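J.: start_5.tsv is reproduced below (TSV, C-alpha atoms).
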```tsv
chain	number	residue	atom	x	y	z
A	1	MET	CA	-25.02	-42.88	42.07
A	2	ASN	CA	-27.94	-44.87	40.68
A	3	SER	CA	-26.78	-48.39	39.76
A	4	ALA	CA	-28.57	-48.31	36.41
A	5	VAL	CA	-26.75	-45.09	35.50
A	6	ALA	CA	-23.43	-46.58	36.61
A	7	ASP	CA	-24.02	-49.70	34.49
A	8	ALA	CA	-24.93	-47.63	31.43
A	9	ARG	CA	-21.87	-45.36	31.61
A	10	PRO	CA	-19.28	-47.88	30.25
A	11	GLU	CA	-21.53	-48.63	27.27
A	12	PHE	CA	-22.00	-44.92	26.61
A	13	GLU	CA	-18.24	-44.33	26.72
A	14	ARG	CA	-17.56	-47.28	24.40
A	15	ARG	CA	-19.98	-45.85	21.88
A	16	LEU	CA	-18.71	-42.29	22.28
A	17	TYR	CA	-14.97	-42.92	22.02
A	18	GLY	CA	-15.34	-45.69	19.46
A	19	GLY	CA	-17.57	-43.51	17.30
A	20	VAL	CA	-15.28	-40.49	17.53
A	21	ALA	CA	-12.21	-42.60	16.68
A	22	ALA	CA	-13.94	-44.09	13.63
A	23	LEU	CA	-15.17	-40.64	12.53
A	24	ALA	CA	-11.68	-39.14	12.80
A	25	ALA	CA	-10.19	-41.97	10.73
A	26	LEU	CA	-12.97	-41.58	8.14
A	27	VAL	CA	-12.30	-37.84	7.81
A	28	VAL	CA	-8.59	-38.50	7.29
A	29	PHE	CA	-9.25	-41.14	4.62
A	30	THR	CA	-11.88	-39.08	2.80
A	31	GLY	CA	-9.83	-35.89	2.91
A	32	PHE	CA	-6.69	-37.48	1.53
A	33	ALA	CA	-8.35	-40.03	-0.75
A	34	ARG	CA	-7.72	-38.18	-4.01
A	35	SER	CA	-4.20	-37.00	-3.15
A	36	TYR	CA	-2.92	-40.09	-1.34
A	37	TYR	CA	-5.02	-43.21	-0.71
A	38	LEU	CA	-6.67	-43.35	-4.15
A	39	ARG	CA	-4.17	-41.11	-5.92
A	40	SER	CA	-3.59	-43.50	-8.83
A	41	LEU	CA	-7.26	-43.14	-9.79
A	42	PHE	CA	-7.14	-39.35	-10.00
A	43	VAL	CA	-3.52	-38.22	-10.49
A	44	GLY	CA	-0.92	-39.62	-12.84
A	45	THR	CA	2.16	-38.03	-11.28
A	46	PRO	CA	4.01	-39.87	-8.50
A	47	LEU	CA	3.98	-38.58	-4.94
A	48	PRO	CA	7.30	-37.32	-3.49
A	49	VAL	CA	8.96	-39.73	-1.07
A	50	LEU	CA	8.61	-37.38	1.90
A	51	LEU	CA	4.85	-37.15	1.35
A	52	HIS	CA	4.66	-40.94	1.05
A	53	VAL	CA	6.42	-41.27	4.40
A	54	HIS	CA	4.20	-38.64	5.99
A	55	GLY	CA	1.03	-40.28	4.66
A	56	ALA	CA	2.12	-43.71	5.85
A	57	ILE	CA	2.97	-42.49	9.36
A	58	MET	CA	-0.25	-40.50	9.66
A	59	SER	CA	-2.28	-43.49	8.48
A	60	LEU	CA	-0.50	-45.79	10.91
A	61	TRP	CA	-1.12	-43.48	13.85
A	62	TYR	CA	-4.86	-43.29	13.19
A	63	ALA	CA	-5.02	-47.05	12.64
A	64	LEU	CA	-3.26	-47.58	15.97
A	65	PHE	CA	-5.52	-45.06	17.68
A	66	VAL	CA	-8.68	-46.81	16.46
A	67	SER	CA	-7.20	-50.16	17.50
A	68	GLN	CA	-6.36	-48.80	20.95
A	69	VAL	CA	-9.92	-47.60	21.48
A	70	ALA	CA	-11.28	-50.95	20.31
A	71	LEU	CA	-8.97	-52.86	22.68
A	72	VAL	CA	-10.18	-50.86	25.67
A	73	ALA	CA	-13.79	-51.46	24.64
A	74	ALA	CA	-13.00	-55.19	24.46
A	75	HIS	CA	-11.42	-55.06	27.95
A	76	ARG	CA	-7.98	-55.98	26.54
A	77	VAL	CA	-6.10	-53.37	28.55
A	78	ASP	CA	-2.99	-55.57	28.50
A	79	LEU	CA	-2.76	-55.39	24.71
A	80	HIS	CA	-3.72	-51.72	24.81
A	81	ARG	CA	-0.69	-50.96	26.97
A	82	THR	CA	1.62	-53.05	24.79
A	83	LEU	CA	0.39	-51.39	21.60
A	84	GLY	CA	0.70	-48.04	23.34
A	85	ILE	CA	4.46	-48.15	22.85
A	86	ALA	CA	4.01	-48.32	19.09
A	87	THR	CA	1.39	-45.57	19.18
A	88	ALA	CA	3.65	-43.26	21.18
A	89	THR	CA	6.61	-43.97	18.89
A	90	CYS	CA	4.50	-43.28	15.82
A	91	ALA	CA	3.37	-39.95	17.29
A	92	ALA	CA	6.99	-39.03	18.06
A	93	VAL	CA	7.90	-39.60	14.40
A	94	LEU	CA	4.76	-37.99	13.02
A	95	VAL	CA	5.47	-34.54	14.48
A	96	PRO	CA	8.94	-33.89	12.96
A	97	VAL	CA	8.00	-35.48	9.64
A	98	GLY	CA	4.90	-33.28	9.49
A	99	ALA	CA	7.07	-30.24	10.16
A	100	LEU	CA	9.44	-31.24	7.34
A	101	VAL	CA	6.51	-31.60	4.96
A	102	ALA	CA	5.34	-28.09	5.88
A	103	LEU	CA	8.81	-26.65	5.28
A	104	ALA	CA	9.14	-28.46	1.95
A	105	PHE	CA	5.78	-27.03	0.90
A	106	VAL	CA	7.03	-23.50	1.53
A	107	ARG	CA	10.35	-24.06	-0.24
A	108	ARG	CA	8.59	-25.39	-3.35
A	109	SER	CA	6.69	-22.09	-3.50
A	110	LEU	CA	9.70	-19.79	-3.05
A	111	PRO	CA	10.09	-18.64	-6.68
A	112	ASP	CA	6.67	-16.98	-6.39
A	113	ALA	CA	6.71	-14.45	-3.52
A	114	GLN	CA	2.93	-14.33	-3.08
A	115	ALA	CA	2.52	-18.10	-3.26
A	116	ALA	CA	5.42	-18.54	-0.84
A	117	ALA	CA	3.85	-16.14	1.66
A	118	GLU	CA	0.55	-18.05	1.48
A	119	ALA	CA	2.42	-21.34	1.86
A	120	ALA	CA	4.22	-19.94	4.91
A	121	GLY	CA	0.83	-19.17	6.44
A	122	VAL	CA	-0.35	-22.72	5.81
A	123	ALA	CA	2.90	-24.07	7.25
A	124	THR	CA	2.33	-21.96	10.37
A	125	TYR	CA	-1.11	-23.53	10.79
A	126	ASN	CA	0.48	-26.98	10.50
A	127	PHE	CA	3.23	-26.12	13.00
A	128	VAL	CA	0.66	-24.94	15.54
A	129	THR	CA	-1.56	-27.99	15.17
A	130	LEU	CA	1.40	-30.37	15.35
A	131	SER	CA	2.60	-28.64	18.53
A	132	VAL	CA	-0.84	-28.98	20.12
A	133	PHE	CA	-1.04	-32.61	19.04
A	134	ALA	CA	2.36	-33.29	20.61
A	135	ALA	CA	1.40	-31.53	23.85
A	136	LEU	CA	-1.83	-33.53	24.15
A	137	VAL	CA	-0.17	-36.88	23.42
A	138	VAL	CA	2.72	-36.27	25.82
A	139	THR	CA	0.38	-35.18	28.60
A	140	ALA	CA	-1.89	-38.18	27.94
A	141	LEU	CA	1.10	-40.52	28.20
A	142	VAL	CA	2.36	-38.92	31.41
A	143	LEU	CA	-1.13	-39.28	32.89
A	144	ARG	CA	-1.83	-42.74	31.46
A	145	HIS	CA	-2.51	-44.02	34.99
A	146	ARG	CA	-5.54	-41.70	34.97
A	147	SER	CA	-7.67	-43.46	32.37
A	148	ASP	CA	-10.36	-40.77	32.50
A	149	VAL	CA	-7.81	-38.11	31.56
A	150	HIS	CA	-5.78	-40.27	29.18
A	151	LYS	CA	-8.65	-41.26	26.89
A	152	ARG	CA	-10.01	-37.72	26.67
A	153	LEU	CA	-6.65	-36.18	25.78
A	154	MET	CA	-5.90	-38.86	23.18
A	155	THR	CA	-9.33	-38.25	21.64
A	156	LEU	CA	-8.61	-34.53	21.42
A	157	ALA	CA	-5.20	-35.29	19.90
A	158	ALA	CA	-6.84	-37.33	17.15
A	159	LEU	CA	-9.34	-34.56	16.45
A	160	SER	CA	-6.74	-31.78	16.52
A	161	LEU	CA	-5.21	-32.88	13.20
A	162	LEU	CA	-8.41	-32.92	11.15
A	163	GLY	CA	-8.01	-29.38	9.76
A	164	PRO	CA	-5.89	-30.37	6.72
A	165	PRO	CA	-8.10	-33.26	5.50
A	166	LEU	CA	-11.23	-31.16	6.01
A	167	GLY	CA	-9.55	-28.34	4.09
A	168	ARG	CA	-9.40	-30.63	1.06
A	169	LEU	CA	-13.12	-31.31	1.25
A	170	LEU	CA	-14.60	-27.94	2.21
A	171	PRO	CA	-13.96	-24.19	1.76
A	172	ASP	CA	-11.47	-22.82	4.28
A	173	VAL	CA	-13.93	-21.11	6.64
A	174	THR	CA	-16.34	-24.05	6.56
A	175	ALA	CA	-13.50	-26.51	7.14
A	176	ALA	CA	-12.35	-24.54	10.19
A	177	LEU	CA	-15.88	-24.47	11.63
A	178	VAL	CA	-16.45	-28.18	11.03
A	179	SER	CA	-13.06	-28.98	12.57
A	180	GLN	CA	-13.97	-27.06	15.71
A	181	GLY	CA	-17.40	-28.67	15.73
A	182	LEU	CA	-15.84	-32.12	15.71
A	183	VAL	CA	-13.69	-31.14	18.70
A	184	LEU	CA	-16.76	-29.90	20.56
A	185	LEU	CA	-18.82	-33.01	19.74
A	186	PRO	CA	-17.36	-35.44	22.32
A	187	ILE	CA	-17.01	-32.65	24.88
A	188	VAL	CA	-20.69	-31.74	24.66
A	189	LEU	CA	-21.87	-35.37	24.64
A	190	ASP	CA	-19.59	-36.35	27.53
A	191	SER	CA	-20.54	-33.29	29.58
A	192	GLY	CA	-24.23	-33.86	28.98
A	193	ARG	CA	-24.00	-37.51	29.96
A	194	ASN	CA	-21.97	-36.88	33.11
A	195	ARG	CA	-23.61	-33.53	33.94
A	196	ARG	CA	-20.26	-31.83	34.25
A	197	LEU	CA	-17.34	-30.74	32.11
A	198	HIS	CA	-14.38	-33.03	32.69
A	199	PRO	CA	-11.24	-30.94	33.40
A	200	ALA	CA	-9.27	-32.75	30.68
A	201	PHE	CA	-11.92	-31.88	28.11
A	202	GLY	CA	-12.10	-28.38	29.58
A	203	TRP	CA	-8.49	-27.29	29.26
A	204	GLY	CA	-7.64	-29.70	26.44
A	205	GLY	CA	-10.59	-28.59	24.34
A	206	ALA	CA	-9.82	-24.93	25.03
A	207	LEU	CA	-6.22	-25.50	23.92
A	208	VAL	CA	-7.31	-27.08	20.63
A	209	LEU	CA	-10.02	-24.52	19.86
A	210	VAL	CA	-8.02	-21.42	20.78
A	211	SER	CA	-4.85	-22.57	19.04
A	212	SER	CA	-6.87	-23.49	15.95
A	213	GLY	CA	-8.36	-20.00	15.81
A	214	VAL	CA	-4.95	-18.40	16.22
A	215	ALA	CA	-3.44	-20.69	13.58
A	216	VAL	CA	-6.18	-19.84	11.07
A	217	ALA	CA	-5.70	-16.10	11.71
A	218	LEU	CA	-1.94	-16.40	11.17
A	219	ALA	CA	-2.38	-18.56	8.07
A	220	GLU	CA	-4.58	-15.87	6.48
A	221	SER	CA	-2.25	-12.99	7.36
A	222	PRO	CA	0.03	-11.89	4.47
A	223	ALA	CA	2.20	-9.97	6.93
A	224	TRP	CA	2.77	-13.08	9.02
A	225	GLY	CA	3.55	-15.11	5.90
A	226	ALA	CA	6.18	-12.58	4.84
A	227	PHE	CA	7.59	-12.60	8.36
A	228	VAL	CA	7.98	-16.39	8.35
A	229	LEU	CA	9.64	-16.32	4.93
A	230	ARG	CA	12.47	-14.20	6.33
A	231	PHE	CA	13.54	-17.19	8.40
A	232	ILE	CA	12.78	-19.96	5.91
A	233	GLY	CA	13.97	-18.33	2.75
```
So that I can check it, write out the structure of this file as structure tokens.

T.:
Amino acid sequence: MNSAVADARPEFERRLYGGVAALAALVVFTGFARSYYLRSLFVGTPLPVLLHVHGAIMSLWYALFVSQVALVAAHRVDLHRTLGIATATCAAVLVPVGALVALAFVRRSLPDAQAAAEAAGVATYNFVTLSVFAALVVTALVLRHRSDVHKRLMTLAALSLLGPPLGRLLPDVTAALVSQGLVLLPIVLDSGRNRRLHPAFGWGGALVLVSSGVAVALAESPAWGAFVLRFIG
């Protein structure tokens, strides 16, 4: 390998992963600004406690993720590993709390059969994305000794949850396309820079993109919504 190319690669990766982490955090903040972060400026009613907890945990995880990426870029791998315990714990709490929020959303809609069926579809989308997020984080933690795999899977995990905040900013179809585009962004840039598709980005990206498409299809299916309601209602 040319030495100039080898020297440039760490700088490229710092820019890539740092930029993607910051972009993911920005999407989360912008998407939930009116309903959570800046709620008092737009909505007078208080937020339910469960949603407060969910918002706080989600915010903490993204803050930790951005911090983790910054620590690696600053060559503070020791602090990165220490903070990794908190990041993993936060992810472990985020998944069940997110599932509870989805269930509560459906139950609030139960008096209206049509609204409840639509809510069940949305809850299905959230269940699928949370499952994929959990799978990516767990695999990244198991393979943390493989830094090349670990950082790519954690990046995909952060991007896999951007559907809901984008859905608050854009029409449904556009939000789904932008969400998938954001997943493809680091994969394309990384593959172009290294002249090959990294296996972690290959199967991890496929998992996120395929599951997202399936989740959207289920969320828009009235029959699936009615099916889910049989178990929730």

J.: Work out how far CA of Val183 (chain A) is from CA of Leu159 (chain A), in Å to one decimal.

T.: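 For CA of Leu159 (chain A) relative to CA of Val183 (chain A), the distance reads 6.0 Å.
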
J.: Need the shell around region 50-52 of chain A: protein/DNA/RNA residues with any atom at most 12 Å away, counting only C-alpha atoms. Skip same-chain ones fewer than 6 positions apart. Format as an MDAnalysis selection string?

T.: chainID A and resid 32 35:37 39 58:59 94 96:105

J.: Just give me the gap between CA of His145 (chain A) and CA of Gly181 (chain A) in Å, one decimal is fine.

T.: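 It comes out at 28.8 Å.
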
J.: Give me, as a compact mmCIF listing (two decimals) with C-alpha atoms, in the coordinates of the input, all polymer residues having an atom no more than 10 Å from Leu162 (chain A), counting all atoms listed in the file and skipping those fewer than 3 positions away in the same chain.

T.:
```
# COMPACT_ATOMS: atom_id res chain seq x y z
CA ALA A 24 -11.68 -39.14 12.80
CA ALA A 25 -10.19 -41.97 10.73
CA VAL A 27 -12.30 -37.84 7.81
CA VAL A 28 -8.59 -38.50 7.29
CA GLY A 31 -9.83 -35.89 2.91
CA THR A 129 -1.56 -27.99 15.17
CA ALA A 157 -5.20 -35.29 19.90
CA ALA A 158 -6.84 -37.33 17.15
CA LEU A 159 -9.34 -34.56 16.45
CA PRO A 165 -8.10 -33.26 5.50
CA LEU A 166 -11.23 -31.16 6.01
CA GLY A 167 -9.55 -28.34 4.09
CA ALA A 175 -13.50 -26.51 7.14
CA ALA A 176 -12.35 -24.54 10.19
CA VAL A 178 -16.45 -28.18 11.03
CA SER A 179 -13.06 -28.98 12.57
CA GLN A 180 -13.97 -27.06 15.71
CA LEU A 182 -15.84 -32.12 15.71
CA VAL A 183 -13.69 -31.14 18.70
```

J.: Could you produce a table of the residues of region 50-140 of chain A lying within 8 Å of region 146-155 of chain A, with the nearest pair of atoms per residue and their separation in Å rounded to one decimal, using all atoms listed in the file, ordered by chain and increasing residue number, as CSV?

T.:
```
residue,atom,partner,partner_atom,distance
A:Leu136,CA,A:Leu153,CA,5.7
A:Val137,CA,A:Met154,CA,6.1
A:Thr139,CA,A:Leu153,CA,7.6
A:Ala140,CA,A:His150,CA,4.6
```

J.: Take the residues from that selection and put them in a file with C-alpha atoms, as an mmCIF file, keeping the file's coordinate frame.

T.:
```cif
data_model
loop_
_atom_site.group_PDB
_atom_site.id
_atom_site.type_symbol
_atom_site.label_atom_id
_atom_site.label_comp_id
_atom_site.auth_asym_id
_atom_site.auth_seq_id
_atom_site.Cartn_x
_atom_site.Cartn_y
_atom_site.Cartn_z
ATOM 1 C CA LEU A 136 -1.830 -33.530 24.150
ATOM 2 C CA VAL A 137 -0.170 -36.880 23.420
ATOM 3 C CA THR A 139 0.380 -35.180 28.600
ATOM 4 C CA ALA A 140 -1.890 -38.180 27.940
#
```

J.: Within 8 Å of region 214-226 of chain A, counting all atoms listed in the file, which residues show up once you throw out same-chain ones fewer than 6 positions away? Write them as a PyMOL selection string, please.

T.: chain A and resi 116-125+128-129+176

J.: Of the candidates A:Pro48, A:Pro164, A:Gly84, A:Gly204, which one gets nearest to Ala135 (chain A) if we count only C-alpha atoms?

T.: A:Gly204

J.: Mind pulling up the distance from CA of Leu130 (chain A) to CA of Val49 (chain A)?

T.: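 Between CA of Val49 (chain A) and CA of Leu130 (chain A) the gap works out to 20.4 Å.
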
J.: Which one of A:Asp190, A:Ser212, A:Val72, A:Leu156 sits closest to Asn126 (chain A) if you count only C-alpha atoms?

T.: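 Of all the options, A:Ser212 lies closest to Asn126 (chain A).
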
J.: Residues at most 12 Å from Ile85 (chain A), counting all atoms listed in the file, excluding those fewer than 5 positions away in the same chain, as a ChimeraX atom specification?

T.: /A:61,64-65,68,78-80,90-92,141,144

J.: Choose the residue, out of A:Asn194, A:Ser67, A:Ser160, A:Thr89, that has the smallest atom-to-atom separation from Ala21 (chain A); count all atoms listed in the file.

T.: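 Going through A:Asn194, A:Ser67, A:Ser160, A:Thr89 one by one, the smallest distance to Ala21 (chain A) is for A:Ser67.
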
J.: Have a look at A:Glu11, A:Gly163, A:His54, A:Phe29 and name the one nearest to Gly213 (chain A); count all atoms listed in the file.

T.: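 Among the listed residues, the smallest separation from Gly213 (chain A) belongs to A:Gly163.
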
J.: Measuring atom to atom with all atoms listed in the file, identify which of A:Phe12, A:Ala22, A:Leu197, A:Ser109 is nearest to Tyr62 (chain A).

T.: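 For Tyr62 (chain A), the nearest of the given residues is A:Ala22.
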
J.: Please determine, counting only C-alpha atoms, which residue among A:Leu161, A:Leu83, A:Leu184, A:Val69 has the shortest atom-to-atom distance to Val132 (chain A).

T.: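 Using only C-alpha atoms, Val132 (chain A) sits closest to A:Leu161.
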
J.: Start from the incomplete input, build N, CA and C atoms for region 145-167 of chain A, and deliver everything as a JSON list (two decimals), keeping the file's coordinate frame.

T.:
```json
[["chain", "number", "residue", "atom", "x", "y", "z"],
["A", 145, "HIS", "N", -1.93, -43.32, 33.83],
["A", 145, "HIS", "CA", -2.51, -44.02, 34.99],
["A", 145, "HIS", "C", -3.88, -43.46, 35.34],
["A", 146, "ARG", "N", -4.21, -42.28, 34.79],
["A", 146, "ARG", "CA", -5.54, -41.70, 34.97],
["A", 146, "ARG", "C", -6.32, -41.95, 33.68],
["A", 147, "SER", "N", -7.01, -43.07, 33.62],
["A", 147, "SER", "CA", -7.67, -43.46, 32.37],
["A", 147, "SER", "C", -8.70, -42.42, 31.92],
["A", 148, "ASP", "N", -9.37, -41.77, 32.87],
["A", 148, "ASP", "CA", -10.36, -40.77, 32.50],
["A", 148, "ASP", "C", -9.73, -39.58, 31.78],
["A", 149, "VAL", "N", -8.54, -39.21, 32.20],
["A", 149, "VAL", "CA", -7.81, -38.11, 31.56],
["A", 149, "VAL", "C", -7.17, -38.58, 30.26],
["A", 150, "HIS", "N", -6.53, -39.73, 30.32],
["A", 150, "HIS", "CA", -5.78, -40.27, 29.18],
["A", 150, "HIS", "C", -6.65, -40.40, 27.94],
["A", 151, "LYS", "N", -7.81, -41.02, 28.07],
["A", 151, "LYS", "CA", -8.65, -41.26, 26.89],
["A", 151, "LYS", "C", -9.21, -39.96, 26.32],
["A", 152, "ARG", "N", -9.48, -39.00, 27.16],
["A", 152, "ARG", "CA", -10.01, -37.72, 26.67],
["A", 152, "ARG", "C", -8.93, -36.93, 25.93],
["A", 153, "LEU", "N", -7.72, -36.92, 26.45],
["A", 153, "LEU", "CA", -6.65, -36.18, 25.78],
["A", 153, "LEU", "C", -6.25, -36.85, 24.47],
["A", 154, "MET", "N", -6.23, -38.17, 24.43],
["A", 154, "MET", "CA", -5.90, -38.86, 23.18],
["A", 154, "MET", "C", -6.99, -38.62, 22.13],
["A", 155, "THR", "N", -8.23, -38.56, 22.57],
["A", 155, "THR", "CA", -9.33, -38.25, 21.64],
["A", 155, "THR", "C", -9.16, -36.86, 21.06],
["A", 156, "LEU", "N", -8.84, -35.89, 21.90],
["A", 156, "LEU", "CA", -8.61, -34.53, 21.42],
["A", 156, "LEU", "C", -7.41, -34.47, 20.48],
["A", 157, "ALA", "N", -6.38, -35.25, 20.78],
["A", 157, "ALA", "CA", -5.20, -35.29, 19.90],
["A", 157, "ALA", "C", -5.58, -35.77, 18.51],
["A", 158, "ALA", "N", -6.40, -36.81, 18.44],
["A", 158, "ALA", "CA", -6.84, -37.33, 17.15],
["A", 158, "ALA", "C", -7.67, -36.31, 16.38],
["A", 159, "LEU", "N", -8.48, -35.56, 17.10],
["A", 159, "LEU", "CA", -9.34, -34.56, 16.45],
["A", 159, "LEU", "C", -8.58, -33.29, 16.08],
["A", 160, "SER", "N", -7.48, -33.03, 16.75],
["A", 160, "SER", "CA", -6.74, -31.78, 16.52],
["A", 160, "SER", "C", -6.08, -31.70, 15.15],
["A", 161, "LEU", "N", -5.91, -32.85, 14.49],
["A", 161, "LEU", "CA", -5.21, -32.88, 13.20],
["A", 161, "LEU", "C", -6.16, -32.95, 12.00],
["A", 162, "LEU", "N", -7.44, -32.74, 12.23],
["A", 162, "LEU", "CA", -8.41, -32.92, 11.15],
["A", 162, "LEU", "C", -8.57, -31.68, 10.26],
["A", 163, "GLY", "N", -7.92, -30.58, 10.59],
["A", 163, "GLY", "CA", -8.01, -29.38, 9.76],
["A", 163, "GLY", "C", -7.57, -29.60, 8.32],
["A", 164, "PRO", "N", -6.36, -30.16, 8.09],
["A", 164, "PRO", "CA", -5.89, -30.37, 6.72],
["A", 164, "PRO", "C", -6.78, -31.27, 5.88],
["A", 165, "PRO", "N", -7.21, -32.46, 6.36],
["A", 165, "PRO", "CA", -8.10, -33.26, 5.50],
["A", 165, "PRO", "C", -9.44, -32.58, 5.24],
["A", 166, "LEU", "N", -9.97, -31.88, 6.23],
["A", 166, "LEU", "CA", -11.23, -31.16, 6.01],
["A", 166, "LEU", "C", -11.05, -30.03, 5.01],
["A", 167, "GLY", "N", -9.84, -29.42, 5.02],
["A", 167, "GLY", "CA", -9.55, -28.34, 4.09],
["A", 167, "GLY", "C", -9.53, -28.80, 2.64]]
```
